[in-house]
Structure formats: structure tokens, C-alpha cells
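Asker: Got a file for you: run_1.pdb, PDB, C-alpha atoms.
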ATOM      1  CA  MET A   1      20.608 -66.534  98.357  1.00  0.00           C
ATOM      2  CA  ARG A   2      17.078 -67.009  97.048  1.00  0.00           C
ATOM      3  CA  LYS A   3      16.842 -63.249  96.381  1.00  0.00           C
ATOM      4  CA  HIS A   4      20.008 -63.421  94.278  1.00  0.00           C
ATOM      5  CA  ILE A   5      18.621 -66.273  92.175  1.00  0.00           C
ATOM      6  CA  CYS A   6      15.316 -64.429  91.619  1.00  0.00           C
ATOM      7  CA  LEU A   7      17.186 -61.261  90.697  1.00  0.00           C
ATOM      8  CA  ALA A   8      19.456 -63.157  88.302  1.00  0.00           C
ATOM      9  CA  LEU A   9      16.437 -64.804  86.642  1.00  0.00           C
ATOM     10  CA  ALA A  10      14.669 -61.459  86.301  1.00  0.00           C
ATOM     11  CA  LEU A  11      17.741 -59.878  84.701  1.00  0.00           C
ATOM     12  CA  ALA A  12      18.161 -62.837  82.351  1.00  0.00           C
ATOM     13  CA  THR A  13      14.532 -62.544  81.274  1.00  0.00           C
ATOM     14  CA  VAL A  14      14.891 -58.823  80.542  1.00  0.00           C
ATOM     15  CA  ALA A  15      18.146 -59.392  78.658  1.00  0.00           C
ATOM     16  CA  ALA A  16      16.590 -62.182  76.588  1.00  0.00           C
ATOM     17  CA  THR A  17      13.603 -60.058  75.513  1.00  0.00           C
ATOM     18  CA  PRO A  18      14.210 -58.946  71.933  1.00  0.00           C
ATOM     19  CA  ALA A  19      14.485 -55.219  71.450  1.00  0.00           C
ATOM     20  CA  ALA A  20      12.114 -53.661  68.949  1.00  0.00           C
ATOM     21  CA  ALA A  21      14.133 -52.864  65.865  1.00  0.00           C
ATOM     22  CA  ARG A  22      13.563 -49.510  64.220  1.00  0.00           C
ATOM     23  CA  ASP A  23      11.747 -49.719  60.884  1.00  0.00           C
ATOM     24  CA  THR A  24      10.886 -46.196  59.805  1.00  0.00           C
ATOM     25  CA  ARG A  25       8.780 -45.941  56.646  1.00  0.00           C
ATOM     26  CA  TYR A  26       9.529 -43.131  54.196  1.00  0.00           C
ATOM     27  CA  GLU A  27       7.841 -41.976  51.018  1.00  0.00           C
ATOM     28  CA  LEU A  28      10.566 -40.212  49.060  1.00  0.00           C
ATOM     29  CA  LYS A  29      10.656 -38.525  45.666  1.00  0.00           C
ATOM     30  CA  ILE A  30      11.625 -40.633  42.657  1.00  0.00           C
ATOM     31  CA  ALA A  31      12.712 -37.455  40.851  1.00  0.00           C
ATOM     32  CA  ASP A  32      15.388 -36.834  43.494  1.00  0.00           C
ATOM     33  CA  VAL A  33      16.939 -40.235  42.773  1.00  0.00           C
ATOM     34  CA  LEU A  34      16.740 -39.780  38.993  1.00  0.00           C
ATOM     35  CA  ALA A  35      18.455 -36.377  39.346  1.00  0.00           C
ATOM     36  CA  ASP A  36      21.216 -37.741  41.586  1.00  0.00           C
ATOM     37  CA  PRO A  37      24.596 -37.681  39.747  1.00  0.00           C
ATOM     38  CA  ARG A  38      25.200 -41.293  40.816  1.00  0.00           C
ATOM     39  CA  TYR A  39      22.124 -42.424  38.846  1.00  0.00           C
ATOM     40  CA  ALA A  40      23.938 -42.283  35.482  1.00  0.00           C
ATOM     41  CA  GLU A  41      26.821 -44.310  36.914  1.00  0.00           C
ATOM     42  CA  ALA A  42      24.666 -46.922  38.633  1.00  0.00           C
ATOM     43  CA  VAL A  43      21.801 -47.629  36.253  1.00  0.00           C
ATOM     44  CA  PRO A  44      22.393 -49.240  32.851  1.00  0.00           C
ATOM     45  CA  ALA A  45      22.028 -46.840  29.926  1.00  0.00           C
ATOM     46  CA  GLY A  46      19.329 -47.643  27.429  1.00  0.00           C
ATOM     47  CA  VAL A  47      16.725 -48.813  29.961  1.00  0.00           C
ATOM     48  CA  LYS A  48      13.731 -46.576  30.680  1.00  0.00           C
ATOM     49  CA  PHE A  49      11.687 -46.750  33.864  1.00  0.00           C
ATOM     50  CA  TYR A  50       7.961 -46.042  34.155  1.00  0.00           C
ATOM     51  CA  PHE A  51       6.457 -45.883  37.633  1.00  0.00           C
ATOM     52  CA  ALA A  52       2.924 -46.923  38.611  1.00  0.00           C
ATOM     53  CA  ASP A  53       0.455 -45.638  36.024  1.00  0.00           C
ATOM     54  CA  GLN A  54       2.835 -43.392  34.081  1.00  0.00           C
ATOM     55  CA  PRO A  55       2.102 -43.657  30.363  1.00  0.00           C
ATOM     56  CA  ALA A  56       4.527 -46.107  28.786  1.00  0.00           C
ATOM     57  CA  PRO A  57       4.994 -47.255  25.214  1.00  0.00           C
ATOM     58  CA  ALA A  58       3.478 -50.598  24.327  1.00  0.00           C
ATOM     59  CA  GLY A  59       5.918 -53.442  24.023  1.00  0.00           C
ATOM     60  CA  LYS A  60       6.474 -57.152  24.324  1.00  0.00           C
ATOM     61  CA  ASP A  61       5.989 -58.335  27.924  1.00  0.00           C
ATOM     62  CA  LEU A  62       9.095 -60.213  29.071  1.00  0.00           C
ATOM     63  CA  GLY A  63       7.990 -60.922  32.637  1.00  0.00           C
ATOM     64  CA  GLU A  64       7.430 -59.387  36.029  1.00  0.00           C
ATOM     65  CA  PHE A  65      10.388 -59.129  38.373  1.00  0.00           C
ATOM     66  CA  VAL A  66      10.996 -58.129  41.991  1.00  0.00           C
ATOM     67  CA  THR A  67      14.097 -56.640  43.551  1.00  0.00           C
ATOM     68  CA  ASN A  68      14.711 -56.142  47.251  1.00  0.00           C
ATOM     69  CA  ARG A  69      17.863 -54.147  47.864  1.00  0.00           C
ATOM     70  CA  LYS A  70      19.372 -53.231  51.211  1.00  0.00           C
ATOM     71  CA  THR A  71      22.188 -50.893  52.076  1.00  0.00           C
ATOM     72  CA  ASN A  72      24.215 -50.175  55.171  1.00  0.00           C
ATOM     73  CA  SER A  73      22.654 -47.165  56.898  1.00  0.00           C
ATOM     74  CA  PHE A  74      24.960 -47.039  59.910  1.00  0.00           C
ATOM     75  CA  GLY A  75      26.158 -43.472  60.380  1.00  0.00           C
ATOM     76  CA  LYS A  76      24.104 -42.158  57.414  1.00  0.00           C
ATOM     77  CA  GLN A  77      21.013 -40.033  57.306  1.00  0.00           C
ATOM     78  CA  ASP A  78      17.983 -42.198  56.510  1.00  0.00           C
ATOM     79  CA  GLU A  79      17.204 -40.324  53.282  1.00  0.00           C
ATOM     80  CA  GLU A  80      20.772 -40.800  52.006  1.00  0.00           C
ATOM     81  CA  ALA A  81      20.676 -44.518  52.781  1.00  0.00           C
ATOM     82  CA  CYS A  82      17.300 -44.753  51.039  1.00  0.00           C
ATOM     83  CA  THR A  83      18.734 -43.053  47.944  1.00  0.00           C
ATOM     84  CA  TRP A  84      21.514 -45.651  47.820  1.00  0.00           C
ATOM     85  CA  ALA A  85      19.014 -48.493  48.222  1.00  0.00           C
ATOM     86  CA  MET A  86      16.787 -47.072  45.463  1.00  0.00           C
ATOM     87  CA  LEU A  87      19.754 -46.649  43.116  1.00  0.00           C
ATOM     88  CA  SER A  88      20.703 -50.250  43.793  1.00  0.00           C
ATOM     89  CA  ALA A  89      17.139 -51.466  43.178  1.00  0.00           C
ATOM     90  CA  LEU A  90      16.898 -49.557  39.888  1.00  0.00           C
ATOM     91  CA  LYS A  91      20.303 -50.877  38.850  1.00  0.00           C
ATOM     92  CA  GLU A  92      19.144 -54.437  39.472  1.00  0.00           C
ATOM     93  CA  LEU A  93      15.885 -53.909  37.551  1.00  0.00           C
ATOM     94  CA  GLY A  94      17.818 -52.315  34.681  1.00  0.00           C
ATOM     95  CA  GLU A  95      20.309 -55.171  34.541  1.00  0.00           C
ATOM     96  CA  ARG A  96      17.447 -57.668  34.591  1.00  0.00           C
ATOM     97  CA  ALA A  97      15.779 -55.826  31.707  1.00  0.00           C
ATOM     98  CA  LEU A  98      18.954 -56.080  29.652  1.00  0.00           C
ATOM     99  CA  ALA A  99      19.394 -59.752  30.562  1.00  0.00           C
ATOM    100  CA  GLU A 100      15.849 -60.429  29.325  1.00  0.00           C
ATOM    101  CA  ARG A 101      16.596 -58.419  26.153  1.00  0.00           C
ATOM    102  CA  GLY A 102      14.236 -55.652  27.245  1.00  0.00           C
ATOM    103  CA  ASN A 103      14.727 -51.921  27.206  1.00  0.00           C
ATOM    104  CA  ALA A 104      12.106 -50.687  29.670  1.00  0.00           C
ATOM    105  CA  VAL A 105      10.533 -51.548  33.001  1.00  0.00           C
ATOM    106  CA  VAL A 106       6.897 -50.483  33.319  1.00  0.00           C
ATOM    107  CA  GLY A 107       4.356 -50.362  36.114  1.00  0.00           C
ATOM    108  CA  ILE A 108       7.057 -50.145  38.780  1.00  0.00           C
ATOM    109  CA  VAL A 109       5.649 -50.136  42.317  1.00  0.00           C
ATOM    110  CA  SER A 110       7.275 -50.260  45.712  1.00  0.00           C
ATOM    111  CA  TYR A 111       6.831 -53.764  47.097  1.00  0.00           C
ATOM    112  CA  TYR A 112       8.030 -53.781  50.704  1.00  0.00           C
ATOM    113  CA  LYS A 113       7.028 -57.028  52.440  1.00  0.00           C
ATOM    114  CA  LYS A 114       4.994 -57.845  49.307  1.00  0.00           C
ATOM    115  CA  GLN A 115       2.672 -54.904  49.933  1.00  0.00           C
ATOM    116  CA  PRO A 116       2.390 -52.739  46.806  1.00  0.00           C
ATOM    117  CA  PHE A 117       2.652 -48.971  47.067  1.00  0.00           C
ATOM    118  CA  ALA A 118       1.947 -47.461  43.645  1.00  0.00           C
ATOM    119  CA  SER A 119       2.971 -43.890  42.916  1.00  0.00           C
ATOM    120  CA  ALA A 120       4.287 -42.140  39.842  1.00  0.00           C
ATOM    121  CA  THR A 121       6.174 -39.654  42.025  1.00  0.00           C
ATOM    122  CA  ASP A 122       7.205 -41.409  45.257  1.00  0.00           C
ATOM    123  CA  TYR A 123       8.888 -44.624  46.337  1.00  0.00           C
ATOM    124  CA  GLU A 124       8.772 -46.409  49.669  1.00  0.00           C
ATOM    125  CA  CYS A 125      11.870 -47.022  51.756  1.00  0.00           C
ATOM    126  CA  HIS A 126      12.248 -48.530  55.205  1.00  0.00           C
ATOM    127  CA  ALA A 127      15.205 -47.517  57.343  1.00  0.00           C
ATOM    128  CA  GLY A 128      16.522 -49.007  60.533  1.00  0.00           C
ATOM    129  CA  ALA A 129      19.520 -48.358  62.726  1.00  0.00           C
ATOM    130  CA  ILE A 130      21.817 -50.463  60.533  1.00  0.00           C
ATOM    131  CA  VAL A 131      20.029 -51.187  57.238  1.00  0.00           C
ATOM    132  CA  ALA A 132      17.765 -49.337  54.793  1.00  0.00           C
ATOM    133  CA  GLY A 133      15.848 -51.142  52.087  1.00  0.00           C
ATOM    134  CA  VAL A 134      13.836 -50.606  48.939  1.00  0.00           C
ATOM    135  CA  ALA A 135      11.795 -53.317  47.226  1.00  0.00           C
ATOM    136  CA  LEU A 136      10.420 -52.780  43.726  1.00  0.00           C
ATOM    137  CA  LYS A 137       8.268 -54.815  41.358  1.00  0.00           C
ATOM    138  CA  GLY A 138       7.922 -54.088  37.657  1.00  0.00           C
ATOM    139  CA  THR A 139       7.354 -55.623  34.248  1.00  0.00           C
ATOM    140  CA  VAL A 140      10.241 -55.814  31.802  1.00  0.00           C
ATOM    141  CA  VAL A 141       9.231 -54.999  28.233  1.00  0.00           C
ATOM    142  CA  LYS A 142      10.837 -54.670  24.853  1.00  0.00           C
ATOM    143  CA  VAL A 143       9.582 -51.513  23.147  1.00  0.00           C
ATOM    144  CA  ALA A 144      10.303 -50.362  19.621  1.00  0.00           C
ATOM    145  CA  PRO A 145      13.268 -47.948  19.481  1.00  0.00           C
TER     146      PRO A 145
END
Just give me the structure of the file as C-alpha cells.
Answerer:
Amino acid sequence: MRKHICLALALATVAATPAAARDTRYELKIADVLADPRYAEAVPAGVKFYFADQPAPAGKDLGEFVTNRKTNSFGKQDEEACTWAMLSALKELGERALAERGNAVVGIVSYYKKQPFASATDYECHAGAIVAGVALKGTVVKVAP
């Protein structure tokens, strides 16, 4: 009987140990997202995006904003889920720019877990078994037309 109790306790301990969740980091091409046909449908027209240190026109600073978008990645390739998450993040930044009466977002960096990753060509995405996510931070500006 004592062996059964010890075995049951051992199994309960193993079952209660949290499994390590997958969190695969990707650096993917911004250009691939901007060329995706869904980009024009998802992102508000009239808002321009400038990543990292890309030259951007001077304008009135309307504030810095962060977006952290997740998407269901179950049954999808990680890169496809990351594209969806990036489209969603850009959509949110674009809508925020319009809400603030801006027409551009400058200095955009990836901002996963509040750790900046600045690149004019790549964005950071983290993908797990069920969810993929992209976090961005950028400054909304109003530039002359």
C-alpha cells in the first residue's frame, strides 16, 4: 500500500510540473509583409510606416505608442502566423495614427517583452504551439502632405 501512495505522489508531482511552452524567436522580413496582398486590406490607407532609422519626413510628434498583437497559430506555419500578427500590429498602429490625427509612424521597433529590436528590414516575432505574437513601438507624427 505504501508503494502505491509513493507512486501516486510521484505521478502527481510529474503531472503538476509545468511543461515548457515553445517560444521560438524569428527575425522576418518587413518587405514580405508590406508586399502581402492582405496588407492593403488590413492597414489604413494614408498612413506611412518608417522602421528603425529609416529616413522619415519631419513632423509634429503626437506620441509614442506600443502594440502587442497575437494571433492563433494552431495548425499554421510559424511564418504565416507571424505575418498575420505583423499585419494586425501594423493595422493597430495605423488606426492609432489616424485617431491621433497623424499620418505616419516613425522609428518603429520590435518591442517583444519590452526589449527593443531595431531594424529597417526585419521584425521580431515569437511563435508558440498555439499563439504567435508581434509587439511594435513607434512614434505617431503628423507630416506635411
Asker: Can you pull out the residues contacting region 26-43 of chain A? Cut-off 6 Å, using all atoms listed in the file, and skip same-chain residues under 2 positions away; I want them as an mmCIF file with C-alpha atoms, in the coordinates of the input.
Answerer:
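Output (part.cif):
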data_model
loop_
_atom_site.group_PDB
_atom_site.id
_atom_site.type_symbol
_atom_site.label_atom_id
_atom_site.label_comp_id
_atom_site.auth_asym_id
_atom_site.auth_seq_id
_atom_site.Cartn_x
_atom_site.Cartn_y
_atom_site.Cartn_z
ATOM 1 C CA LYS A 91 20.303 -50.877 38.850
ATOM 2 C CA THR A 121 6.174 -39.654 42.025
ATOM 3 C CA ASP A 122 7.205 -41.409 45.257
ATOM 4 C CA TYR A 123 8.888 -44.624 46.337
ATOM 5 C CA GLU A 124 8.772 -46.409 49.669
ATOM 6 C CA CYS A 125 11.870 -47.022 51.756
#
Asker: Around region 54-72 of chain A, fit a box with edges along x, y and z, padding it by 5 Å on each side, then list its centre and edge lengths in Å to one decimal as JSON.
Answerer:
{"center_x": 13.2, "center_y": -52.2, "center_z": 39.6, "size_x": 32.1, "size_y": 27.5, "size_z": 41.1}
Asker: Between A:Val66, A:Ala132, A:Ala58, A:Ala118, which residue has the minimum interatomic distance to Ala104 (chain A), considering all atoms listed in the file?
Answerer: A:Ala58
Asker: From the list A:Pro116, A:Gly75, A:Gly128, A:Gly59, which residue is nearest Val140 (chain A) when using all atoms listed in the file?
Answerer: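 Of the candidates, the smallest distance to Val140 (chain A) is held by A:Gly59.
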Asker: Name the residues in contact with region 133-136 of chain A at a cut-off of 6 Å, using only C-alpha atoms, excluding same-chain residues fewer than 5 positions from it; report them as a list in words.
Answerer: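 In the requested format, the answer is Val66, Thr67, Asn68, Arg69, Lys70, Ala85, Met86, Val109, Ser110, Tyr111, Tyr112, Cys125 and His126 of chain A.
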